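The block underneath contains the structure these notes are about, expressed in structure tokens.
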Amino acid sequence: MTETQGPAHKKDMTRRRAVLAGGAAIIAAGVGAGVVASASAETTSSGTGKKSAGGQGEECYRLTSETTEGPYYIDADKIRKDITEDREGIPMTLRLKVIDSDTCKPLKHAAVDIWHCDALGIYSGYESMSSGGPGGGTPPSGAPTDAPTGVPTDAPTGTPPSGGPGGGGGHSEPTDDKRYLRGTQLTDKHGYVEFKTIFPGWYQGRCVHIHTKVHVGGKMTDAGYEGGRTCHTGQFFFAESAVLDSAKVAPYSTSTTTRTTLTEDTIYDQSGVTGGLMKLSYRKNHMARGVVGSITMGVDPDETHDGTDL
């Protein structure tokens, strides 16, 4: 996707409201009695900051948190719903809604990117970095990494490993042509997109997460979504209880990588749904059958947040 910088529009800080994601949840087929609902942390308001979302049962508080892009973003322009390809893992339906954080109205025809590692912490496009590629090794103490072997960092601050590409969250060039677990879709008139994927695994220095970007102002061409700007760059996170449940299922259970917990991760800002914590639904003791994850993202379509300046 090509980005063209639009004029900066200064916004009153009272616009910055979070989104209560409860209205975005869906229940997958076959998920009934005994469902585990792994919800976001409670959302709080400061009295006058609370606003009804056009009678749709949602409330806006302030913008969803922006995070670093990380080194593994690829502008693949794969417009598709199912991004699984050949990856093994727990099936996951990812249900996302995008709204304007000022008006609380849905953003239609916004392009939503997601990308994440597979069940064993490997990113498509960067497989060599995931299996002892250049710069591998142990990350510095206290500095989370966004590489399966601790190569580039995915932290706004901190020192990357010596000699590792993509330090400081900077972009690394792909090392292969694989593109599994990556995709883009346009929101419908209600602001929704839905992806079919797998529950992500973990790698050294980061908790389990999914990356996302929201683009507005562009258009569809034969080459994919072109033009416009990135108005939101964020990450989705998962409750520790759900991650522990996934770790009982193969191939996640075969991982020997030390796992960073949600509270230990320095990218997640501990703010619940505002910070990207998803609501998850799955059948108790049968997570392997599938998971539904949902969240509503409040974004400012007039701003530019490409995640490279954090």
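Ordering of the structure tokens sets the chain letters (A, B, ...), residue numbers begin anew at 1 in every chain, and ligands are numbered from 1 in the order given.
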
Test item: residues at most 7 Å from region 242-257 of chain A, only C-alpha atoms, excluding those fewer than 2 positions along its chain, as a list of chain:residue names: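 In the requested format, the answer is A:Ser38, A:Gly89, A:Ala119, A:Leu120, A:Gly201, A:Tyr203, A:Gln204, A:Phe238, A:Ala239, A:Glu240, A:Arg259, A:Met287, A:Ala288.
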
Selected residues written out, C-alpha atoms, as a compact mmCIF listing (two decimals), in the first residue's frame:
```
# COMPACT_ATOMS: atom_id res chain seq x y z
CA SER A 38 -11.86 -14.27 28.11
CA GLY A 89 -2.78 -24.43 14.89
CA ALA A 119 2.05 -21.50 16.39
CA LEU A 120 5.83 -21.83 16.87
CA GLY A 201 2.13 -18.63 19.22
CA TYR A 203 8.62 -16.15 20.68
CA GLN A 204 11.44 -14.78 22.80
CA PHE A 238 -4.82 -12.13 24.71
CA ALA A 239 -5.66 -12.93 28.31
CA GLU A 240 -3.09 -15.10 30.05
CA ARG A 259 7.17 -17.23 27.11
CA MET A 287 -9.96 -24.83 22.65
CA ALA A 288 -8.48 -26.92 19.84
```

Tell me, as a count of residues only, which residues lie within 12 Å of Gly307 (chain A), counting only C-alpha atoms; anything in the same chain fewer than 2 positions away does not count. 31

Identify, on the basis of only C-alpha atoms, every residue whose closest approach to Val193 (chain A) does not exceed 8 Å; exclude the query and any residue fewer than 4 positions from it along the same chain; express the result as an mmCIF file with C-alpha atoms, in the first residue's frame.
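around_38.cif, written as the output of this step:
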```cif
data_model
loop_
_atom_site.group_PDB
_atom_site.id
_atom_site.type_symbol
_atom_site.label_atom_id
_atom_site.label_comp_id
_atom_site.auth_asym_id
_atom_site.auth_seq_id
_atom_site.Cartn_x
_atom_site.Cartn_y
_atom_site.Cartn_z
ATOM 1 C CA ARG A 95 -13.924 -10.294 14.123
ATOM 2 C CA LEU A 96 -12.883 -6.647 13.998
ATOM 3 C CA LYS A 97 -14.882 -3.435 13.899
ATOM 4 C CA VAL A 112 -7.485 -3.437 7.698
ATOM 5 C CA GLN A 185 -9.737 -6.689 3.955
ATOM 6 C CA LEU A 186 -12.026 -3.706 3.484
ATOM 7 C CA THR A 187 -14.573 -2.947 6.191
ATOM 8 C CA ASP A 188 -18.237 -3.273 5.259
#
```

Choose the residue, out of A:Lys178, A:Lys78, A:His116, A:Lys189, that has the smallest atom-to-atom separation from Ile210 (chain A); count only C-alpha atoms. A:His116

When DSSP works through the backbone of this structure, what residues of region 186-269 of chain A end up as strand (DSSP E or B), shown as a short mmCIF file (atom, residue, chain, number, x, y, z; two decimals) with all heavy atoms, in the first residue's frame?
```
data_model
loop_
_atom_site.label_atom_id
_atom_site.label_comp_id
_atom_site.auth_asym_id
_atom_site.auth_seq_id
_atom_site.Cartn_x
_atom_site.Cartn_y
_atom_site.Cartn_z
N LEU A 186 -11.33 -4.98 3.36
CA LEU A 186 -12.03 -3.71 3.48
C LEU A 186 -13.22 -3.87 4.42
O LEU A 186 -13.97 -4.86 4.33
CB LEU A 186 -12.50 -3.21 2.12
CG LEU A 186 -11.44 -2.93 1.07
CD1 LEU A 186 -12.09 -2.40 -0.20
CD2 LEU A 186 -10.39 -1.95 1.57
N TYR A 192 -17.16 -3.61 9.80
CA TYR A 192 -16.64 -4.92 10.18
C TYR A 192 -15.73 -5.53 9.12
O TYR A 192 -15.94 -5.35 7.92
CB TYR A 192 -17.79 -5.90 10.41
CG TYR A 192 -18.50 -5.75 11.73
CD1 TYR A 192 -19.78 -5.17 11.78
CD2 TYR A 192 -17.91 -6.17 12.92
CE1 TYR A 192 -20.44 -5.03 13.00
CE2 TYR A 192 -18.57 -6.03 14.13
CZ TYR A 192 -19.83 -5.46 14.17
OH TYR A 192 -20.49 -5.32 15.36
N VAL A 193 -14.75 -6.29 9.60
CA VAL A 193 -14.02 -7.25 8.78
C VAL A 193 -13.92 -8.53 9.59
O VAL A 193 -13.96 -8.50 10.82
CB VAL A 193 -12.60 -6.78 8.38
CG1 VAL A 193 -12.65 -5.59 7.45
CG2 VAL A 193 -11.76 -6.48 9.61
N GLU A 194 -13.77 -9.65 8.90
CA GLU A 194 -13.60 -10.92 9.57
C GLU A 194 -12.50 -11.71 8.88
O GLU A 194 -12.49 -11.82 7.66
CB GLU A 194 -14.90 -11.73 9.55
CG GLU A 194 -14.83 -13.04 10.33
CD GLU A 194 -16.15 -13.78 10.33
OE1 GLU A 194 -17.05 -13.37 11.08
OE2 GLU A 194 -16.28 -14.76 9.56
N PHE A 195 -11.56 -12.22 9.67
CA PHE A 195 -10.45 -13.02 9.16
C PHE A 195 -10.53 -14.43 9.72
O PHE A 195 -10.96 -14.64 10.86
CB PHE A 195 -9.10 -12.42 9.56
CG PHE A 195 -8.76 -11.14 8.87
CD1 PHE A 195 -9.05 -9.91 9.46
CD2 PHE A 195 -8.11 -11.14 7.63
CE1 PHE A 195 -8.72 -8.72 8.83
CE2 PHE A 195 -7.78 -9.96 7.00
CZ PHE A 195 -8.08 -8.75 7.59
N LYS A 196 -10.11 -15.39 8.92
CA LYS A 196 -9.91 -16.77 9.37
C LYS A 196 -8.41 -17.00 9.48
O LYS A 196 -7.67 -16.79 8.51
CB LYS A 196 -10.52 -17.75 8.37
CG LYS A 196 -12.03 -17.62 8.19
CD LYS A 196 -12.78 -18.04 9.44
CE LYS A 196 -14.27 -18.04 9.18
NZ LYS A 196 -15.05 -18.43 10.40
N THR A 197 -7.96 -17.41 10.64
CA THR A 197 -6.53 -17.58 10.86
C THR A 197 -6.32 -18.67 11.92
O THR A 197 -7.19 -19.51 12.12
CB THR A 197 -5.88 -16.23 11.27
OG1 THR A 197 -4.47 -16.38 11.38
CG2 THR A 197 -6.44 -15.68 12.56
N ILE A 198 -5.18 -18.67 12.57
CA ILE A 198 -4.93 -19.55 13.71
C ILE A 198 -4.54 -18.69 14.90
O ILE A 198 -4.09 -17.55 14.75
CB ILE A 198 -3.83 -20.59 13.43
CG1 ILE A 198 -2.48 -19.90 13.16
CG2 ILE A 198 -4.23 -21.52 12.30
CD1 ILE A 198 -1.29 -20.85 13.12
N TYR A 203 7.18 -16.07 20.92
CA TYR A 203 8.62 -16.15 20.68
C TYR A 203 9.33 -15.30 21.72
O TYR A 203 8.69 -14.61 22.51
CB TYR A 203 8.98 -15.71 19.25
CG TYR A 203 8.38 -14.40 18.82
CD1 TYR A 203 9.01 -13.18 19.08
CD2 TYR A 203 7.18 -14.38 18.12
CE1 TYR A 203 8.47 -11.99 18.66
CE2 TYR A 203 6.64 -13.19 17.69
CZ TYR A 203 7.28 -11.99 17.96
OH TYR A 203 6.72 -10.80 17.55
N ARG A 206 8.43 -11.48 23.71
CA ARG A 206 7.12 -10.87 23.49
C ARG A 206 6.00 -11.80 23.94
O ARG A 206 6.09 -13.00 23.80
CB ARG A 206 6.90 -10.55 22.00
CG ARG A 206 7.67 -9.37 21.43
CD ARG A 206 7.40 -8.04 22.12
NE ARG A 206 6.00 -7.80 22.40
CZ ARG A 206 5.11 -7.33 21.51
NH1 ARG A 206 5.48 -7.08 20.27
NH2 ARG A 206 3.85 -7.10 21.87
N HIS A 209 0.58 -11.97 20.45
CA HIS A 209 -0.04 -10.77 19.90
C HIS A 209 -0.26 -10.90 18.40
O HIS A 209 0.30 -11.76 17.74
CB HIS A 209 0.83 -9.54 20.17
CG HIS A 209 2.17 -9.58 19.50
ND1 HIS A 209 3.22 -10.35 19.96
CD2 HIS A 209 2.63 -8.97 18.36
CE1 HIS A 209 4.26 -10.20 19.16
NE2 HIS A 209 3.94 -9.38 18.17
N ILE A 210 -1.11 -10.02 17.88
CA ILE A 210 -1.36 -9.88 16.45
C ILE A 210 -1.18 -8.41 16.09
O ILE A 210 -1.66 -7.53 16.81
CB ILE A 210 -2.79 -10.33 16.08
CG1 ILE A 210 -2.95 -11.83 16.29
CG2 ILE A 210 -3.13 -9.97 14.63
CD1 ILE A 210 -4.37 -12.34 16.05
N HIS A 211 -0.51 -8.14 14.99
CA HIS A 211 -0.33 -6.77 14.52
C HIS A 211 -1.49 -6.35 13.62
O HIS A 211 -2.08 -7.18 12.92
CB HIS A 211 0.96 -6.65 13.70
CG HIS A 211 2.21 -6.82 14.49
ND1 HIS A 211 2.88 -5.75 15.05
CD2 HIS A 211 2.93 -7.92 14.82
CE1 HIS A 211 3.96 -6.18 15.68
NE2 HIS A 211 4.01 -7.51 15.56
N THR A 212 -1.78 -5.06 13.61
CA THR A 212 -2.82 -4.54 12.73
C THR A 212 -2.50 -3.12 12.26
O THR A 212 -1.79 -2.38 12.95
CB THR A 212 -4.20 -4.55 13.42
OG1 THR A 212 -5.22 -4.23 12.47
CG2 THR A 212 -4.26 -3.55 14.58
N LYS A 213 -3.01 -2.78 11.10
CA LYS A 213 -2.99 -1.42 10.59
C LYS A 213 -4.36 -1.12 9.98
O LYS A 213 -5.02 -2.01 9.44
CB LYS A 213 -1.92 -1.24 9.51
CG LYS A 213 -0.49 -1.09 10.01
CD LYS A 213 0.47 -0.91 8.83
CE LYS A 213 1.90 -0.71 9.28
NZ LYS A 213 2.17 0.66 9.75
N VAL A 214 -4.76 0.14 10.06
CA VAL A 214 -5.98 0.60 9.41
C VAL A 214 -5.62 1.73 8.46
O VAL A 214 -4.99 2.72 8.87
CB VAL A 214 -7.03 1.08 10.44
CG1 VAL A 214 -8.28 1.59 9.73
CG2 VAL A 214 -7.38 -0.04 11.42
N HIS A 215 -6.00 1.56 7.19
CA HIS A 215 -5.71 2.56 6.16
C HIS A 215 -7.01 3.18 5.67
O HIS A 215 -8.01 2.48 5.48
CB HIS A 215 -5.00 1.93 4.96
CG HIS A 215 -3.84 1.05 5.33
ND1 HIS A 215 -2.55 1.51 5.46
CD2 HIS A 215 -3.78 -0.29 5.59
CE1 HIS A 215 -1.75 0.50 5.77
NE2 HIS A 215 -2.47 -0.59 5.87
N VAL A 216 -6.99 4.49 5.44
CA VAL A 216 -8.16 5.19 4.91
C VAL A 216 -7.74 6.10 3.76
O VAL A 216 -6.57 6.44 3.62
CB VAL A 216 -8.85 6.04 6.01
CG1 VAL A 216 -9.43 5.17 7.11
CG2 VAL A 216 -7.88 7.06 6.60
N GLY A 217 -8.72 6.49 2.95
CA GLY A 217 -8.47 7.47 1.90
C GLY A 217 -7.88 6.89 0.63
O GLY A 217 -7.60 7.64 -0.31
N GLY A 218 -7.67 5.57 0.57
CA GLY A 218 -7.12 4.95 -0.64
C GLY A 218 -8.22 4.36 -1.49
O GLY A 218 -9.41 4.60 -1.29
N LYS A 219 -7.83 3.55 -2.46
CA LYS A 219 -8.80 2.91 -3.35
C LYS A 219 -8.26 1.57 -3.83
O LYS A 219 -7.05 1.32 -3.85
CB LYS A 219 -9.12 3.80 -4.54
CG LYS A 219 -7.92 4.10 -5.42
CD LYS A 219 -8.31 5.02 -6.58
CE LYS A 219 -7.11 5.33 -7.48
NZ LYS A 219 -7.50 6.22 -8.59
N MET A 220 -9.18 0.72 -4.24
CA MET A 220 -8.81 -0.57 -4.78
C MET A 220 -8.37 -0.44 -6.23
O MET A 220 -9.02 0.24 -7.02
CB MET A 220 -9.98 -1.54 -4.69
CG MET A 220 -10.30 -2.01 -3.27
SD MET A 220 -8.92 -2.90 -2.51
CE MET A 220 -8.72 -4.26 -3.67
N THR A 221 -7.27 -1.08 -6.58
CA THR A 221 -6.78 -1.13 -7.95
C THR A 221 -6.46 -2.59 -8.28
O THR A 221 -6.59 -3.47 -7.44
CB THR A 221 -5.52 -0.28 -8.14
OG1 THR A 221 -4.42 -0.91 -7.44
CG2 THR A 221 -5.71 1.13 -7.59
N GLY A 224 -4.05 -3.91 -5.84
CA GLY A 224 -4.42 -3.96 -4.44
C GLY A 224 -4.91 -2.61 -3.96
O GLY A 224 -5.35 -1.77 -4.76
N TYR A 225 -4.84 -2.38 -2.66
CA TYR A 225 -5.28 -1.11 -2.07
C TYR A 225 -4.15 -0.10 -2.19
O TYR A 225 -3.05 -0.33 -1.70
CB TYR A 225 -5.66 -1.32 -0.61
CG TYR A 225 -6.29 -0.13 0.06
CD1 TYR A 225 -7.65 0.15 -0.08
CD2 TYR A 225 -5.53 0.72 0.85
CE1 TYR A 225 -8.23 1.23 0.56
CE2 TYR A 225 -6.10 1.81 1.50
CZ TYR A 225 -7.45 2.06 1.34
OH TYR A 225 -8.02 3.15 1.98
N GLU A 226 -4.41 1.03 -2.83
CA GLU A 226 -3.37 2.01 -3.10
C GLU A 226 -3.76 3.38 -2.56
O GLU A 226 -4.93 3.75 -2.53
CB GLU A 226 -3.12 2.13 -4.61
CG GLU A 226 -2.69 0.84 -5.30
CD GLU A 226 -1.26 0.46 -4.94
OE1 GLU A 226 -0.51 1.33 -4.49
OE2 GLU A 226 -0.91 -0.72 -5.13
N GLY A 227 -2.74 4.16 -2.17
CA GLY A 227 -2.94 5.53 -1.74
C GLY A 227 -3.45 5.65 -0.32
O GLY A 227 -3.44 4.69 0.46
N GLY A 228 -3.92 6.82 0.02
CA GLY A 228 -4.44 7.07 1.35
C GLY A 228 -3.35 7.16 2.39
O GLY A 228 -2.19 7.44 2.09
N ARG A 229 -3.72 6.89 3.64
CA ARG A 229 -2.77 6.98 4.75
C ARG A 229 -3.14 5.95 5.81
O ARG A 229 -4.26 5.46 5.88
CB ARG A 229 -2.77 8.38 5.36
CG ARG A 229 -4.10 8.77 5.97
CD ARG A 229 -4.07 10.20 6.51
NE ARG A 229 -5.40 10.64 6.88
CZ ARG A 229 -6.27 11.17 6.03
NH1 ARG A 229 -5.91 11.33 4.77
NH2 ARG A 229 -7.47 11.55 6.43
N THR A 230 -2.17 5.65 6.65
CA THR A 230 -2.39 4.74 7.76
C THR A 230 -2.82 5.56 8.97
O THR A 230 -2.05 6.36 9.50
CB THR A 230 -1.10 3.97 8.09
OG1 THR A 230 -0.66 3.28 6.93
CG2 THR A 230 -1.34 2.97 9.21
N CYS A 231 -4.05 5.36 9.41
CA CYS A 231 -4.55 6.16 10.54
C CYS A 231 -4.41 5.44 11.87
O CYS A 231 -4.61 6.06 12.93
CB CYS A 231 -6.01 6.56 10.31
SG CYS A 231 -7.20 5.20 10.34
N HIS A 232 -4.08 4.15 11.83
CA HIS A 232 -3.89 3.43 13.09
C HIS A 232 -2.93 2.26 12.89
O HIS A 232 -3.03 1.53 11.90
CB HIS A 232 -5.22 2.88 13.62
CG HIS A 232 -5.09 1.99 14.82
ND1 HIS A 232 -4.67 2.46 16.05
CD2 HIS A 232 -5.30 0.66 14.99
CE1 HIS A 232 -4.64 1.45 16.92
NE2 HIS A 232 -5.00 0.36 16.29
N THR A 233 -2.00 2.12 13.82
CA THR A 233 -1.12 0.95 13.89
C THR A 233 -1.17 0.42 15.31
O THR A 233 -0.88 1.16 16.25
CB THR A 233 0.32 1.32 13.52
OG1 THR A 233 0.36 1.82 12.17
CG2 THR A 233 1.24 0.11 13.62
N GLY A 234 -1.58 -0.81 15.46
CA GLY A 234 -1.74 -1.34 16.80
C GLY A 234 -1.42 -2.81 16.89
O GLY A 234 -0.95 -3.44 15.92
N GLN A 235 -1.67 -3.39 18.05
CA GLN A 235 -1.49 -4.82 18.27
C GLN A 235 -2.65 -5.33 19.13
O GLN A 235 -3.17 -4.60 19.99
CB GLN A 235 -0.15 -5.10 18.97
CG GLN A 235 1.06 -4.72 18.14
CD GLN A 235 2.39 -5.01 18.81
OE1 GLN A 235 2.49 -5.90 19.65
NE2 GLN A 235 3.43 -4.27 18.43
N PHE A 236 -3.05 -6.57 18.88
CA PHE A 236 -4.07 -7.23 19.68
C PHE A 236 -3.40 -8.19 20.65
O PHE A 236 -2.42 -8.86 20.31
CB PHE A 236 -5.04 -8.01 18.79
CG PHE A 236 -5.70 -7.17 17.74
CD1 PHE A 236 -5.77 -7.63 16.44
CD2 PHE A 236 -6.25 -5.94 18.04
CE1 PHE A 236 -6.38 -6.88 15.45
CE2 PHE A 236 -6.86 -5.17 17.06
CZ PHE A 236 -6.93 -5.64 15.76
N PHE A 237 -3.97 -8.28 21.85
CA PHE A 237 -3.39 -9.11 22.90
C PHE A 237 -4.44 -10.07 23.46
O PHE A 237 -5.64 -9.90 23.22
CB PHE A 237 -2.82 -8.22 24.01
CG PHE A 237 -1.74 -7.29 23.53
CD1 PHE A 237 -2.04 -5.99 23.15
CD2 PHE A 237 -0.43 -7.71 23.44
CE1 PHE A 237 -1.05 -5.13 22.70
CE2 PHE A 237 0.57 -6.87 22.98
CZ PHE A 237 0.26 -5.58 22.61
#
```

Compile a residue-level contact table for region 264-310 of chain A against region 102-106 of chain A at a cut-off of 10 Å, reporting for every qualifying residue the shortest atom pair and its distance in Å to one decimal, with only C-alpha atoms counted, rows ordered by chain and ascending number, as CSV.
```
residue,atom,partner,partner_atom,distance
A:Thr296,CA,A:Pro106,CA,9.8
A:Met297,CA,A:Pro106,CA,9.8
A:Gly298,CA,A:Cys104,CA,7.6
A:Val299,CA,A:Asp102,CA,8.3
A:Asp300,CA,A:Asp102,CA,7.2
A:Pro301,CA,A:Asp102,CA,9.4
```
